[in-house]
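Heads up, run-v9.cif below (mmCIF, C-alpha atoms and all ligand atoms):
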```cif
data_protein
#
loop_
_atom_site.group_PDB
_atom_site.id
_atom_site.type_symbol
_atom_site.label_atom_id
_atom_site.label_comp_id
_atom_site.auth_asym_id
_atom_site.auth_seq_id
_atom_site.Cartn_x
_atom_site.Cartn_y
_atom_site.Cartn_z
ATOM 1 C CA MET Y 1 0.000 0.000 0.000
ATOM 2 C CA LYS Y 2 2.715 2.408 1.025
ATOM 3 C CA ALA Y 3 4.741 1.475 -2.058
ATOM 4 C CA THR Y 4 1.704 2.035 -4.302
ATOM 5 C CA LEU Y 5 1.082 5.461 -2.809
ATOM 6 C CA LEU Y 6 4.728 6.355 -3.225
ATOM 7 C CA PHE Y 7 4.552 5.198 -6.820
ATOM 8 C CA LEU Y 8 1.423 7.285 -7.514
ATOM 9 C CA PHE Y 9 3.027 10.260 -5.810
ATOM 10 C CA SER Y 10 6.143 9.982 -7.937
ATOM 11 C CA ILE Y 11 4.002 9.864 -11.088
ATOM 12 C CA LEU Y 12 2.218 13.033 -9.952
ATOM 13 C CA ILE Y 13 5.539 14.765 -9.358
ATOM 14 C CA SER Y 14 7.009 13.733 -12.687
ATOM 15 C CA THR Y 15 3.817 14.742 -14.528
ATOM 16 C CA SER Y 16 3.845 18.205 -13.010
ATOM 17 C CA VAL Y 17 7.530 18.642 -13.858
ATOM 18 C CA LEU Y 18 6.936 17.500 -17.440
ATOM 19 C CA SER Y 19 4.126 19.990 -17.914
ATOM 20 C CA GLN Y 20 6.350 23.025 -17.279
ATOM 21 C CA VAL Y 21 7.280 25.113 -20.280
ATOM 22 C CA PHE Y 22 10.739 24.582 -21.782
ATOM 23 C CA ALA Y 23 12.758 26.511 -24.354
ATOM 24 C CA GLY Y 24 12.053 25.289 -27.877
ATOM 25 C CA GLN Y 25 8.795 23.587 -26.945
ATOM 26 C CA ILE Y 26 6.406 23.312 -29.917
ATOM 27 C CA ASP Y 27 2.711 22.455 -30.148
ATOM 28 C CA ASP Y 28 2.292 21.031 -33.669
ATOM 29 C CA PHE Y 29 -1.049 19.224 -33.103
ATOM 30 C CA GLU Y 30 0.145 16.170 -35.067
ATOM 31 C CA SER Y 31 -1.036 13.975 -32.183
ATOM 32 C CA GLY Y 32 -4.612 14.721 -33.230
ATOM 33 C CA THR Y 33 -5.388 16.326 -29.858
ATOM 34 C CA VAL Y 34 -5.889 19.946 -28.796
ATOM 35 C CA GLN Y 35 -2.777 19.669 -26.561
ATOM 36 C CA SER Y 36 -4.646 21.036 -23.517
ATOM 37 C CA TRP Y 37 -5.828 24.250 -25.214
ATOM 38 C CA ALA Y 38 -9.312 24.929 -23.894
ATOM 39 C CA GLU Y 39 -12.093 27.383 -23.174
ATOM 40 C CA GLY Y 40 -14.556 27.678 -20.331
ATOM 41 C CA ALA Y 41 -16.708 24.567 -19.941
ATOM 42 C CA GLN Y 42 -19.825 26.464 -21.061
ATOM 43 C CA SER Y 43 -18.361 27.407 -24.459
ATOM 44 C CA PRO Y 44 -20.101 25.708 -27.412
ATOM 45 C CA ASN Y 45 -17.061 26.299 -29.654
ATOM 46 C CA PRO Y 46 -13.876 25.227 -27.841
ATOM 47 C CA PRO Y 47 -10.626 24.699 -29.822
ATOM 48 C CA VAL Y 48 -10.658 21.621 -32.068
ATOM 49 C CA ASN Y 49 -7.964 19.685 -33.905
ATOM 50 C CA ILE Y 50 -8.324 19.836 -37.697
ATOM 51 C CA SER Y 51 -6.517 16.954 -39.375
ATOM 52 C CA THR Y 52 -5.514 18.537 -42.672
ATOM 53 C CA GLY Y 53 -4.824 21.926 -44.267
ATOM 54 C CA GLY Y 54 -2.220 23.293 -41.848
ATOM 55 C CA PRO Y 55 0.718 25.458 -43.013
ATOM 56 C CA ASN Y 56 2.308 22.402 -44.647
ATOM 57 C CA GLY Y 57 -0.863 21.475 -46.493
ATOM 58 C CA ALA Y 58 -2.411 18.023 -46.688
ATOM 59 C CA ASN Y 59 -2.304 15.972 -43.471
ATOM 60 C CA ASP Y 60 -0.818 18.834 -41.442
ATOM 61 C CA ASN Y 61 -2.946 19.049 -38.295
ATOM 62 C CA PHE Y 62 -3.653 22.412 -36.725
ATOM 63 C CA LEU Y 63 -5.812 23.947 -33.996
ATOM 64 C CA ARG Y 64 -8.975 25.880 -34.871
ATOM 65 C CA ASN Y 65 -10.827 28.202 -32.510
ATOM 66 C CA VAL Y 66 -14.129 29.754 -33.555
ATOM 67 C CA SER Y 67 -15.775 32.682 -31.780
ATOM 68 C CA SER Y 68 -19.394 33.573 -32.490
ATOM 69 C CA GLY Y 69 -19.540 37.256 -31.504
ATOM 70 C CA ALA Y 70 -22.626 36.819 -29.287
ATOM 71 C CA GLY Y 71 -23.727 34.623 -26.390
ATOM 72 C CA PRO Y 72 -21.611 31.755 -25.003
ATOM 73 C CA GLY Y 73 -18.445 31.301 -27.076
ATOM 74 C CA SER Y 74 -18.685 34.890 -28.312
ATOM 75 C CA ARG Y 75 -15.076 35.811 -27.433
ATOM 76 C CA MET Y 76 -11.865 34.907 -29.266
ATOM 77 C CA VAL Y 77 -9.782 33.430 -26.492
ATOM 78 C CA MET Y 78 -8.322 30.082 -25.422
ATOM 79 C CA PHE Y 79 -6.144 29.061 -22.535
ATOM 80 C CA ASN Y 80 -3.590 26.451 -21.522
ATOM 81 C CA GLN Y 81 -2.843 25.382 -17.957
ATOM 82 C CA ASN Y 82 -0.542 22.497 -18.765
ATOM 83 C CA GLN Y 83 2.634 22.713 -20.873
ATOM 84 C CA TRP Y 84 2.545 26.521 -21.118
ATOM 85 C CA THR Y 85 3.027 27.117 -17.380
ATOM 86 C CA GLY Y 86 6.083 27.627 -15.197
ATOM 87 C CA ASN Y 87 9.160 29.824 -15.459
ATOM 88 C CA PHE Y 88 9.362 31.512 -18.879
ATOM 89 C CA THR Y 89 12.147 33.823 -17.695
ATOM 90 C CA GLY Y 90 14.198 30.939 -16.304
ATOM 91 C CA GLN Y 91 13.923 29.169 -19.666
ATOM 92 C CA SER Y 92 15.058 32.367 -21.487
ATOM 93 C CA ILE Y 93 11.865 32.337 -23.537
ATOM 94 C CA ILE Y 94 11.469 35.825 -25.020
ATOM 95 C CA ALA Y 95 8.937 35.183 -27.776
ATOM 96 C CA ILE Y 96 5.963 33.039 -28.632
ATOM 97 C CA LYS Y 97 6.023 32.163 -32.320
ATOM 98 C CA PHE Y 98 3.333 30.445 -34.321
ATOM 99 C CA LYS Y 99 1.695 30.264 -37.705
ATOM 100 C CA ALA Y 100 -1.855 31.535 -37.959
ATOM 101 C CA LYS Y 101 -4.623 32.644 -40.232
ATOM 102 C CA ALA Y 102 -7.967 34.303 -39.653
ATOM 103 C CA THR Y 103 -11.267 34.171 -41.474
ATOM 104 C CA THR Y 104 -14.564 36.103 -41.209
ATOM 105 C CA ASN Y 105 -12.861 39.003 -39.393
ATOM 106 C CA SER Y 106 -9.297 40.210 -38.817
ATOM 107 C CA LEU Y 107 -7.879 39.538 -35.356
ATOM 108 C CA ASN Y 108 -5.622 41.461 -32.947
ATOM 109 C CA ILE Y 109 -3.680 38.644 -31.347
ATOM 110 C CA ARG Y 110 -2.115 38.968 -27.894
ATOM 111 C CA ILE Y 111 -0.588 36.686 -25.278
ATOM 112 C CA ALA Y 112 -1.854 36.994 -21.701
ATOM 113 C CA PHE Y 113 -0.535 35.259 -18.591
ATOM 114 C CA ASP Y 114 -1.756 34.758 -15.070
ATOM 115 C CA GLY Y 115 0.771 33.821 -12.434
ATOM 116 C CA ALA Y 116 2.559 34.804 -9.256
ATOM 117 C CA GLY Y 117 2.363 38.550 -10.021
ATOM 118 C CA GLY Y 118 -1.198 38.520 -11.365
ATOM 119 C CA LYS Y 119 -2.648 38.984 -14.828
ATOM 120 C CA ILE Y 120 -0.640 40.571 -17.645
ATOM 121 C CA CYS Y 121 -1.194 40.969 -21.400
ATOM 122 C CA THR Y 122 1.061 42.000 -24.282
ATOM 123 C CA THR Y 123 0.799 45.739 -24.910
ATOM 124 C CA ASN Y 124 0.972 45.514 -28.700
ATOM 125 C CA ALA Y 125 -1.232 43.239 -30.764
ATOM 126 C CA VAL Y 126 -0.239 41.430 -33.928
ATOM 127 C CA THR Y 127 -2.929 41.863 -36.555
ATOM 128 C CA ILE Y 128 -3.849 38.827 -38.606
ATOM 129 C CA ASN Y 129 -5.821 39.931 -41.614
ATOM 130 C CA SER Y 130 -8.913 37.991 -42.485
ATOM 131 C CA GLY Y 131 -8.471 35.865 -45.572
ATOM 132 C CA SER Y 132 -4.674 36.027 -45.757
ATOM 133 C CA PRO Y 133 -2.725 32.744 -46.045
ATOM 134 C CA TRP Y 134 -0.868 31.116 -43.131
ATOM 135 C CA THR Y 135 1.272 33.854 -41.585
ATOM 136 C CA GLU Y 136 4.333 33.575 -39.331
ATOM 137 C CA VAL Y 137 3.713 35.481 -36.108
ATOM 138 C CA THR Y 138 6.261 36.492 -33.454
ATOM 139 C CA ILE Y 139 4.973 37.909 -30.176
ATOM 140 C CA PRO Y 140 7.775 39.211 -27.912
ATOM 141 C CA ILE Y 141 7.183 38.292 -24.256
ATOM 142 C CA SER Y 142 9.968 40.021 -22.331
ATOM 143 C CA SER Y 143 8.704 41.947 -19.302
ATOM 144 C CA SER Y 144 8.831 45.256 -21.224
ATOM 145 C CA ASN Y 145 6.303 43.875 -23.713
ATOM 146 C CA PHE Y 146 3.493 43.557 -21.156
ATOM 147 C CA SER Y 147 0.843 45.698 -19.530
ATOM 148 C CA LEU Y 148 -0.676 44.906 -16.153
ATOM 149 C CA ILE Y 149 -4.343 43.932 -16.438
ATOM 150 C CA GLY Y 150 -5.160 43.572 -12.754
ATOM 151 C CA GLY Y 151 -1.776 42.089 -11.902
ATOM 152 C CA THR Y 152 0.860 43.817 -9.790
ATOM 153 C CA ASN Y 153 4.216 42.430 -10.953
ATOM 154 C CA ILE Y 154 5.026 41.435 -14.536
ATOM 155 C CA SER Y 155 8.390 39.801 -13.737
ATOM 156 C CA GLN Y 156 6.922 37.608 -10.994
ATOM 157 C CA THR Y 157 4.229 36.332 -13.343
ATOM 158 C CA LEU Y 158 6.748 35.521 -16.083
ATOM 159 C CA GLN Y 159 8.724 33.488 -13.544
ATOM 160 C CA ASN Y 160 5.707 31.524 -12.353
ATOM 161 C CA VAL Y 161 2.908 31.250 -14.906
ATOM 162 C CA ASN Y 162 -0.209 29.202 -14.150
ATOM 163 C CA THR Y 163 -2.248 30.109 -17.255
ATOM 164 C CA MET Y 164 -1.334 31.224 -20.754
ATOM 165 C CA ARG Y 165 -3.955 32.683 -23.067
ATOM 166 C CA ILE Y 166 -3.996 33.424 -26.777
ATOM 167 C CA LEU Y 167 -6.682 35.994 -27.430
ATOM 168 C CA SER Y 168 -7.812 38.724 -29.779
ATOM 169 C CA SER Y 169 -8.602 42.133 -28.345
ATOM 170 C CA ALA Y 170 -8.314 45.776 -29.370
ATOM 171 C CA SER Y 171 -6.444 46.631 -26.156
ATOM 172 C CA PRO Y 172 -4.616 44.555 -23.499
ATOM 173 C CA ALA Y 173 -7.202 42.327 -21.817
ATOM 174 C CA TRP Y 174 -7.801 39.005 -20.082
ATOM 175 C CA GLU Y 175 -11.034 38.322 -21.971
ATOM 176 C CA GLY Y 176 -10.926 38.277 -25.751
ATOM 177 C CA ASP Y 177 -13.207 40.621 -27.679
ATOM 178 C CA ALA Y 178 -16.621 39.339 -28.745
ATOM 179 C CA ILE Y 179 -16.161 38.842 -32.482
ATOM 180 C CA SER Y 180 -17.386 36.514 -35.184
ATOM 181 C CA ALA Y 181 -14.144 34.922 -36.386
ATOM 182 C CA THR Y 182 -12.094 31.786 -36.870
ATOM 183 C CA LEU Y 183 -8.473 31.537 -35.749
ATOM 184 C CA ASP Y 184 -6.378 28.708 -37.196
ATOM 185 C CA ILE Y 185 -3.040 28.192 -35.447
ATOM 186 C CA ASP Y 186 -0.111 25.738 -35.615
ATOM 187 C CA VAL Y 187 3.522 25.247 -34.516
ATOM 188 C CA ILE Y 188 3.202 27.331 -31.347
ATOM 189 C CA GLU Y 189 6.821 27.670 -30.218
ATOM 190 C CA ALA Y 190 8.500 28.818 -26.998
ATOM 191 C CA SER Y 191 11.351 30.734 -28.613
ATOM 192 C CA THR Y 192 14.568 32.126 -27.137
ATOM 193 C CA THR Y 193 15.098 34.447 -30.087
ATOM 194 C CA LEU Y 194 13.199 37.260 -31.730
ATOM 195 C CA SER Y 195 14.879 36.909 -35.091
ATOM 196 C CA LEU Y 196 13.214 35.504 -38.096
ATOM 197 C CA ASP Y 197 14.247 32.109 -39.283
ATOM 198 C CA ASP Y 198 15.880 31.917 -42.693
ATOM 199 C CA PHE Y 199 12.866 30.270 -44.168
ATOM 200 C CA GLN Y 200 10.777 33.329 -43.487
ATOM 201 C CA LEU Y 201 12.619 35.108 -46.256
ATOM 202 C CA LYS Y 202 12.432 32.100 -48.521
ATOM 203 C CA GLU Y 203 9.181 33.323 -49.974
ATOM 204 C CA PHE Y 204 10.783 36.552 -51.196
ATOM 205 C CA SER Y 205 10.390 36.688 -54.954
ATOM 206 C CA ILE Y 206 10.738 39.112 -57.859
ATOM 207 C CA SER Y 207 8.593 39.042 -60.947
ATOM 208 C CA PRO Y 208 8.751 39.344 -63.827
ATOM 209 C CA ASN Y 209 12.412 38.552 -64.267
ATOM 210 C CA PRO Y 210 13.746 39.781 -66.662
ATOM 211 C CA ALA Y 211 11.710 42.998 -66.544
ATOM 212 C CA SER Y 212 11.705 46.297 -68.402
ATOM 213 C CA ALA Y 213 9.330 48.615 -66.507
ATOM 214 C CA LEU Y 214 8.095 47.345 -63.133
ATOM 215 C CA ILE Y 215 9.267 44.584 -60.836
ATOM 216 C CA GLN Y 216 6.837 43.127 -58.310
ATOM 217 C CA LEU Y 217 8.245 42.179 -54.914
ATOM 218 C CA LYS Y 218 6.517 39.525 -52.879
ATOM 219 C CA THR Y 219 7.252 38.215 -49.393
ATOM 220 C CA GLN Y 220 5.149 36.425 -46.865
ATOM 221 C CA PRO Y 221 2.390 38.642 -45.446
ATOM 222 C CA ASN Y 222 3.127 40.806 -42.384
ATOM 223 C CA LEU Y 223 6.907 40.539 -42.768
ATOM 224 C CA LYS Y 224 8.473 43.527 -40.999
ATOM 225 C CA VAL Y 225 11.164 44.641 -43.418
ATOM 226 C CA ASP Y 226 14.088 46.770 -42.181
ATOM 227 C CA ASN Y 227 15.574 47.690 -45.525
ATOM 228 C CA VAL Y 228 15.391 47.022 -49.228
ATOM 229 C CA ALA Y 229 18.339 47.962 -51.425
ATOM 230 C CA VAL Y 230 19.248 47.431 -55.059
ATOM 231 C CA PHE Y 231 22.797 47.463 -56.380
ATOM 232 C CA ASP Y 232 24.198 47.288 -59.868
ATOM 233 C CA LEU Y 233 26.962 44.809 -60.639
ATOM 234 C CA LEU Y 234 29.616 47.424 -59.801
ATOM 235 C CA GLY Y 235 28.204 47.571 -56.266
ATOM 236 C CA LYS Y 236 26.641 51.024 -56.656
ATOM 237 C CA GLN Y 237 23.402 51.407 -54.746
ATOM 238 C CA VAL Y 238 20.654 52.514 -57.116
ATOM 239 C CA TYR Y 239 17.633 52.167 -54.824
ATOM 240 C CA THR Y 240 16.915 51.974 -51.113
ATOM 241 C CA SER Y 241 13.763 51.955 -49.032
ATOM 242 C CA LYS Y 242 12.895 51.311 -45.398
ATOM 243 C CA VAL Y 243 9.636 49.734 -46.435
ATOM 244 C CA LEU Y 244 8.879 46.998 -48.877
ATOM 245 C CA GLU Y 245 7.086 48.573 -51.825
ATOM 246 C CA SER Y 246 5.037 45.979 -53.672
ATOM 247 C CA GLN Y 247 6.610 47.179 -56.914
ATOM 248 C CA ILE Y 248 9.573 49.251 -58.063
ATOM 249 C CA ASP Y 249 9.622 51.319 -61.244
ATOM 250 C CA ILE Y 250 12.845 50.412 -63.069
ATOM 251 C CA SER Y 251 11.882 51.841 -66.459
ATOM 252 C CA LYS Y 252 14.558 54.557 -66.307
ATOM 253 C CA TRP Y 253 17.347 52.271 -65.101
ATOM 254 C CA SER Y 254 20.189 51.164 -67.376
ATOM 255 C CA LYS Y 255 19.870 47.713 -68.861
ATOM 256 C CA GLY Y 256 21.788 44.981 -67.108
ATOM 257 C CA MET Y 257 21.924 42.758 -64.076
ATOM 258 C CA TYR Y 258 20.979 44.053 -60.594
ATOM 259 C CA ILE Y 259 21.140 42.621 -57.120
ATOM 260 C CA ILE Y 260 18.311 43.293 -54.689
ATOM 261 C CA LYS Y 261 18.892 42.816 -50.972
ATOM 262 C CA ILE Y 262 16.034 42.573 -48.496
ATOM 263 C CA SER Y 263 16.769 42.711 -44.742
ATOM 264 C CA ALA Y 264 14.513 41.788 -41.843
ATOM 265 C CA ASN Y 265 15.517 41.231 -38.205
ATOM 266 C CA ASN Y 266 19.225 40.652 -38.895
ATOM 267 C CA PHE Y 267 18.546 38.260 -41.736
ATOM 268 C CA SER Y 268 18.972 39.262 -45.334
ATOM 269 C CA LYS Y 269 18.462 37.712 -48.693
ATOM 270 C CA THR Y 270 19.745 38.728 -52.094
ATOM 271 C CA GLU Y 271 18.278 37.992 -55.503
ATOM 272 C CA ARG Y 272 19.410 38.918 -58.988
ATOM 273 C CA PHE Y 273 17.213 40.305 -61.691
ATOM 274 C CA LEU Y 274 17.780 41.467 -65.252
ATOM 275 C CA LYS Y 275 16.625 44.829 -66.584
ATOM 276 C CA GLN Y 276 16.138 44.673 -70.343
HETATM 277 CA CA CA Y 301 0.783 20.867 -37.500
HETATM 278 CA CA CA Y 302 -14.109 29.291 -29.264
#
```

Could you take the file, read its structure, and then write that structure out as structure tokens?
Amino acid sequence: MKATLLFLFSILISTSVLSQVFAGQIDDFESGTVQSWAEGAQSPNPPVNISTGGPNGANDNFLRNVSSGAGPGSRMVMFNQNQWTGNFTGQSIIAIKFKAKATTNSLNIRIAFDGAGGKICTTNAVTINSGSPWTEVTIPISSSNFSLIGGTNISQTLQNVNTMRILSSASPAWEGDAISATLDIDVIEASTTLSLDDFQLKEFSISPNPASALIQLKTQPNLKVDNVAVFDLLGKQVYTSKVLESQIDISKWSKGMYIIKISANNFSKTERFLKQ
């Protein structure tokens, strides 16, 4: 009897240790479950696992949360009290990254925590435009990124989280806004870096190429570009911009080969194009 109790106790201990957040942790929903993401018991539209159509296409599971805009389940919010708890600061986690898309209405996505210092929510929202394709989202979660929403100490909460929420609201809040919308989300990552991964610039493309009048520049949606520059083959800069224009007029440029360099969060990518 004593041995059995001890055994059960040790399982409880190990389970609670396993459920703490760790650096690099990823929810990819490939298990077919909702990975402990939930809503209040009265909600008619809690998060569900969708078995295909994630960022990687066929057979890529993802999590879907619907909000109705009125009555029970009206608000866009879900919470986790399992693997997204514990000491985020101790694990050097400074960002939550995920891929997401929204339909019906655009969403203002925030991360909120409850913990030892009370409730906090990210001060700035990341907007996910309704109808856009899967978008890479980075939400910084250092203490300077939060506002108190009833809590008293941001740092204490980040060191001892008991609930993490992903919600949509116009301003920092614990409850999501009532809105008719669908949030699809996948590869939720506990990241120790703010920088973009290389692959985020992979989608950068120029068309047409060769071109004579206008070149169209395309990246993934919502990419925060630091700089765009174009050089000729002698290394002379012929164009620079702090924002990514969707097209550049090259009609007056000399014919020849050019190199375009796009920079975002310490990563950069260069492509060649031909002016004819
Ligand atoms: Ca997935
Ligand atoms: Ca819901």

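Each of Y:Ser132, Y:Leu274, Y:Ile120, Y:Val77 was checked against Asn105 in chain Y using all atoms listed in the file; the smallest atom-to-atom distance is that of Y:Ser132.
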
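Picture a line from CA of Ile166 in chain Y to CA of Thr52 in chain Y; it runs 21.8 Å.
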
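Remark: for Thr152 in chain Y, the closest of the candidate residues Y:Leu194, Y:Ala116, Y:Val137, Y:Ala125 is Y:Ala116 (distances computed over all atoms listed in the file).
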
For the provided coordinates, the residues matched by the PyMOL selection byres (((chain Y and resi 275) around 6) and not hetatm) should be stated as a PyMOL selection string.
chain Y and resi 210-212+255-256+274+276

Keeping C-alpha atoms, export the residues of the selection given above as a PDB file, in the coordinates of the input.
```pdb
ATOM      1  CA  PRO Y 210      13.746  39.781 -66.662  1.00  0.00           C
ATOM      2  CA  ALA Y 211      11.710  42.998 -66.544  1.00  0.00           C
ATOM      3  CA  SER Y 212      11.705  46.297 -68.402  1.00  0.00           C
ATOM      4  CA  LYS Y 255      19.870  47.713 -68.861  1.00  0.00           C
ATOM      5  CA  GLY Y 256      21.788  44.981 -67.108  1.00  0.00           C
ATOM      6  CA  LEU Y 274      17.780  41.467 -65.252  1.00  0.00           C
ATOM      7  CA  GLN Y 276      16.138  44.673 -70.343  1.00  0.00           C
TER       8      GLN Y 276
END
```

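CA of Ser43 in chain Y lies 21.7 Å from CA of Ala100 in chain Y.
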
List as a list in words the protein and nucleic acid residues near Ile111 in chain Y, meaning an atom at most 7 Å away when all atoms listed in the file are counted, but skip any in the same chain fewer than 6 places from it.
Cys121, Thr122, Arg165, Ile166 and Leu167 of chain Y

Measuring between only C-alpha atoms and all ligand atoms, which one of Y:Gly54, Y:Gly40, Y:Gly24, Y:Gly73 shows the shortest distance to ligand CA 302 (chain Y)?
Y:Gly73

Starting from the displayed file, determine the output of the PyMOL selection byres (((not hetatm)) within 8 of (chain Y and resi 301)) and express the residue list as an NGL selection string.
:Y and (27-30 or 54-56 or 60-62 or 186-187)

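Minimum distance to ligand CA 302 (chain Y) across Y:Glu189, Y:Glu136, Y:Asp177, Y:Glu271 (counting all atoms listed in the file) occurs at Y:Asp177.
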
Could you expand the PyMOL selection byres (((not hetatm)) within 9 of (chain Y and resi 302)) into the explicit residues it covers here, written as a VMD selection string?
chain Y and resid 38 to 39 43 to 48 64 to 68 72 to 78 182 to 183

Supply range 114-131 of chain Y as a compact mmCIF listing (two decimals), in the frame of the given file, with N, CA and C atoms built in where the input has gaps.
```txt
# COMPACT_ATOMS: atom_id res chain seq x y z
N ASP Y 114 -1.48 34.56 -16.49
CA ASP Y 114 -1.76 34.76 -15.07
C ASP Y 114 -0.68 33.97 -14.33
N GLY Y 115 -0.28 34.49 -13.19
CA GLY Y 115 0.77 33.82 -12.43
C GLY Y 115 1.03 34.52 -11.12
N ALA Y 116 2.24 34.34 -10.61
CA ALA Y 116 2.56 34.80 -9.26
C ALA Y 116 2.34 36.30 -9.07
N GLY Y 117 2.53 37.10 -10.13
CA GLY Y 117 2.36 38.55 -10.02
C GLY Y 117 1.03 39.05 -10.57
N GLY Y 118 0.13 38.14 -10.86
CA GLY Y 118 -1.20 38.52 -11.36
C GLY Y 118 -1.25 38.57 -12.88
N LYS Y 119 -2.37 39.06 -13.39
CA LYS Y 119 -2.65 38.98 -14.83
C LYS Y 119 -1.93 40.07 -15.62
N ILE Y 120 -1.34 39.66 -16.75
CA ILE Y 120 -0.64 40.57 -17.64
C ILE Y 120 -1.00 40.21 -19.09
N CYS Y 121 -0.88 41.21 -19.98
CA CYS Y 121 -1.19 40.97 -21.40
C CYS Y 121 -0.23 41.78 -22.25
N THR Y 122 0.15 41.25 -23.42
CA THR Y 122 1.06 42.00 -24.28
C THR Y 122 0.44 43.33 -24.69
N THR Y 123 1.27 44.38 -24.66
CA THR Y 123 0.80 45.74 -24.91
C THR Y 123 0.43 45.94 -26.38
N ASN Y 124 1.22 45.36 -27.26
CA ASN Y 124 0.97 45.51 -28.70
C ASN Y 124 0.39 44.23 -29.28
N ALA Y 125 -0.63 44.40 -30.10
CA ALA Y 125 -1.23 43.24 -30.76
C ALA Y 125 -0.56 43.00 -32.11
N VAL Y 126 -0.63 41.76 -32.56
CA VAL Y 126 -0.24 41.43 -33.93
C VAL Y 126 -1.53 41.20 -34.71
N THR Y 127 -1.71 41.99 -35.77
CA THR Y 127 -2.93 41.86 -36.56
C THR Y 127 -2.80 40.74 -37.58
N ILE Y 128 -3.78 39.87 -37.58
CA ILE Y 128 -3.85 38.83 -38.61
C ILE Y 128 -5.05 39.16 -39.48
N ASN Y 129 -4.76 39.47 -40.72
CA ASN Y 129 -5.82 39.93 -41.61
C ASN Y 129 -6.68 38.77 -42.08
N SER Y 130 -7.97 39.01 -42.04
CA SER Y 130 -8.91 37.99 -42.48
C SER Y 130 -8.66 37.63 -43.94
N GLY Y 131 -8.60 36.34 -44.20
CA GLY Y 131 -8.47 35.86 -45.57
C GLY Y 131 -7.05 35.71 -46.06
```
